[in-house]
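Here's the structure, in structure tokens; my notes come after.
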Amino acid sequence: MMKYQEYAPNESMQLREILTIKNIAITKMIAMSPLVSDLELKTILQHDTDVSLQHLVDLKELIKKSGLNYK
């Protein structure tokens with residue numbers, strides 16, 4: 001039997017809120033990427049997208065370990 005990390009209700013809400021904000025930010029970065037012509041800015045944007053995608057994976061894992069449901 002898996003032992004879940006218990007989160008307070010406000011922590012659960014914050015996890016979901018951060019996940020939502022990250023999703024929106026990544027969607028915007030991916031959508032705006034083709035419009036960027038400056039190579040340095042494009043590199044920064046790509047790096048930020050990669051890091052944010054990893055954050056999403058980490059947040060989803062936290063939520064999964066906590067026993068919370070997400071869609």
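Going by the structure tokens order, chains are called A, B, ..., each with residues numbered from 1, while ligands are numbered from 1 in the order shown.
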
What's around segment 33-36 of chain A at 12 Å? Count only C-alpha atoms, leave out sequence neighbours fewer than 4 positions away in its own chain, and write the answer as a JSON list (two decimals) with all heavy atoms, in the first residue's frame.
[["chain", "number", "residue", "atom", "x", "y", "z"],
["A", 26, "ILE", "N", 3.73, 28.08, -20.43],
["A", 26, "ILE", "CA", 4.35, 27.24, -21.46],
["A", 26, "ILE", "C", 3.61, 27.37, -22.78],
["A", 26, "ILE", "O", 4.22, 27.49, -23.84],
["A", 26, "ILE", "CB", 4.41, 25.76, -21.00],
["A", 26, "ILE", "CG1", 5.42, 25.61, -19.87],
["A", 26, "ILE", "CG2", 4.76, 24.85, -22.17],
["A", 26, "ILE", "CD1", 5.37, 24.28, -19.18],
["A", 27, "THR", "N", 2.29, 27.36, -22.71],
["A", 27, "THR", "CA", 1.49, 27.51, -23.93],
["A", 27, "THR", "C", 1.81, 28.83, -24.62],
["A", 27, "THR", "O", 2.00, 28.88, -25.85],
["A", 27, "THR", "CB", -0.01, 27.44, -23.59],
["A", 27, "THR", "OG1", -0.29, 26.18, -22.97],
["A", 27, "THR", "CG2", -0.86, 27.59, -24.83],
["A", 28, "LYS", "N", 1.92, 29.90, -23.85],
["A", 28, "LYS", "CA", 2.24, 31.21, -24.42],
["A", 28, "LYS", "C", 3.65, 31.22, -25.00],
["A", 28, "LYS", "O", 3.87, 31.75, -26.10],
["A", 28, "LYS", "CB", 2.10, 32.29, -23.36],
["A", 28, "LYS", "CG", 2.28, 33.68, -23.90],
["A", 28, "LYS", "CD", 1.99, 34.73, -22.86],
["A", 28, "LYS", "CE", 2.16, 36.12, -23.45],
["A", 28, "LYS", "NZ", 1.88, 37.17, -22.48],
["A", 29, "MET", "N", 4.63, 30.65, -24.29],
["A", 29, "MET", "CA", 6.00, 30.62, -24.78],
["A", 29, "MET", "C", 6.10, 29.86, -26.10],
["A", 29, "MET", "O", 6.78, 30.29, -27.03],
["A", 29, "MET", "CB", 6.94, 30.02, -23.74],
["A", 29, "MET", "CG", 7.24, 30.95, -22.59],
["A", 29, "MET", "SD", 8.51, 30.32, -21.45],
["A", 29, "MET", "CE", 7.61, 29.05, -20.58],
["A", 40, "GLU", "N", 19.45, 35.37, -29.42],
["A", 40, "GLU", "CA", 19.67, 35.30, -27.97],
["A", 40, "GLU", "C", 18.34, 35.17, -27.22],
["A", 40, "GLU", "O", 18.21, 34.34, -26.31],
["A", 40, "GLU", "CB", 20.43, 36.52, -27.48],
["A", 40, "GLU", "CG", 20.82, 36.44, -26.02],
["A", 40, "GLU", "CD", 21.65, 37.62, -25.55],
["A", 40, "GLU", "OE1", 21.93, 38.54, -26.35],
["A", 40, "GLU", "OE2", 22.02, 37.62, -24.37],
["A", 41, "LEU", "N", 17.37, 35.95, -27.61],
["A", 41, "LEU", "CA", 16.05, 35.88, -26.97],
["A", 41, "LEU", "C", 15.39, 34.53, -27.24],
["A", 41, "LEU", "O", 14.78, 33.94, -26.35],
["A", 41, "LEU", "CB", 15.16, 37.01, -27.47],
["A", 41, "LEU", "CG", 13.76, 37.09, -26.88],
["A", 41, "LEU", "CD1", 13.82, 37.18, -25.35],
["A", 41, "LEU", "CD2", 13.01, 38.29, -27.45],
["A", 42, "LYS", "N", 15.55, 34.02, -28.45],
["A", 42, "LYS", "CA", 14.98, 32.71, -28.80],
["A", 42, "LYS", "C", 15.61, 31.61, -27.94],
["A", 42, "LYS", "O", 14.92, 30.70, -27.48],
["A", 42, "LYS", "CB", 15.20, 32.43, -30.28],
["A", 42, "LYS", "CG", 14.35, 31.31, -30.83],
["A", 42, "LYS", "CD", 14.51, 31.27, -32.34],
["A", 42, "LYS", "CE", 13.34, 30.67, -33.02],
["A", 42, "LYS", "NZ", 12.19, 31.45, -33.23],
["A", 43, "THR", "N", 16.93, 31.71, -27.70],
["A", 43, "THR", "CA", 17.63, 30.74, -26.87],
["A", 43, "THR", "C", 17.13, 30.80, -25.42],
["A", 43, "THR", "O", 16.88, 29.76, -24.80],
["A", 43, "THR", "CB", 19.15, 31.00, -26.90],
["A", 43, "THR", "OG1", 19.59, 30.90, -28.25],
["A", 43, "THR", "CG2", 19.90, 29.99, -26.05],
["A", 44, "ILE", "N", 16.95, 32.00, -24.91],
["A", 44, "ILE", "CA", 16.44, 32.17, -23.55],
["A", 44, "ILE", "C", 15.02, 31.60, -23.45],
["A", 44, "ILE", "O", 14.69, 30.89, -22.49],
["A", 44, "ILE", "CB", 16.46, 33.66, -23.14],
["A", 44, "ILE", "CG1", 17.90, 34.14, -22.98],
["A", 44, "ILE", "CG2", 15.66, 33.89, -21.86],
["A", 44, "ILE", "CD1", 18.05, 35.64, -22.85],
["A", 45, "LEU", "N", 14.20, 31.90, -24.43],
["A", 45, "LEU", "CA", 12.82, 31.41, -24.45],
["A", 45, "LEU", "C", 12.78, 29.88, -24.49],
["A", 45, "LEU", "O", 11.99, 29.24, -23.77],
["A", 45, "LEU", "CB", 12.09, 32.00, -25.65],
["A", 45, "LEU", "CG", 10.59, 31.81, -25.73],
["A", 45, "LEU", "CD1", 9.90, 32.46, -24.54],
["A", 45, "LEU", "CD2", 10.06, 32.39, -27.03],
["A", 46, "GLN", "N", 13.65, 29.28, -25.31],
["A", 46, "GLN", "CA", 13.69, 27.81, -25.39],
["A", 46, "GLN", "C", 14.14, 27.20, -24.07],
["A", 46, "GLN", "O", 13.58, 26.21, -23.61],
["A", 46, "GLN", "CB", 14.61, 27.36, -26.53],
["A", 46, "GLN", "CG", 14.65, 25.86, -26.72],
["A", 46, "GLN", "CD", 13.29, 25.28, -27.03],
["A", 46, "GLN", "OE1", 12.61, 25.75, -27.93],
["A", 46, "GLN", "NE2", 12.88, 24.26, -26.29],
["A", 47, "HIS", "N", 15.15, 27.80, -23.46],
["A", 47, "HIS", "CA", 15.64, 27.30, -22.17],
["A", 47, "HIS", "C", 14.53, 27.40, -21.12],
["A", 47, "HIS", "O", 14.30, 26.45, -20.36],
["A", 47, "HIS", "CB", 16.87, 28.07, -21.72],
["A", 47, "HIS", "CG", 17.35, 27.69, -20.37],
["A", 47, "HIS", "ND1", 17.98, 26.49, -20.11],
["A", 47, "HIS", "CD2", 17.27, 28.33, -19.18],
["A", 47, "HIS", "CE1", 18.26, 26.41, -18.81],
["A", 47, "HIS", "NE2", 17.84, 27.52, -18.23],
["A", 48, "ASP", "N", 13.85, 28.52, -21.08],
["A", 48, "ASP", "CA", 12.77, 28.71, -20.12],
["A", 48, "ASP", "C", 11.64, 27.71, -20.35],
["A", 48, "ASP", "O", 11.06, 27.18, -19.41],
["A", 48, "ASP", "CB", 12.24, 30.15, -20.19],
["A", 48, "ASP", "CG", 11.38, 30.50, -18.99],
["A", 48, "ASP", "OD1", 11.66, 30.00, -17.89],
["A", 48, "ASP", "OD2", 10.43, 31.29, -19.16],
["A", 49, "THR", "N", 11.34, 27.43, -21.61],
["A", 49, "THR", "CA", 10.31, 26.44, -21.94],
["A", 49, "THR", "C", 10.73, 25.06, -21.44],
["A", 49, "THR", "O", 9.93, 24.35, -20.82],
["A", 49, "THR", "CB", 10.08, 26.40, -23.46],
["A", 49, "THR", "OG1", 9.67, 27.69, -23.90],
["A", 49, "THR", "CG2", 9.00, 25.38, -23.82]]

Using DSSP assignments from the backbone, pull out every residue in chain A that falls under helix (DSSP H, G or I) and give it to me as an NGL selection string. :A and (9-35 or 39-66)

Separating atom CA of Ile30 of chain A from atom CA of Lys64 of chain A, to the nearest tenth of an Å, is a gap of 25.7 Å
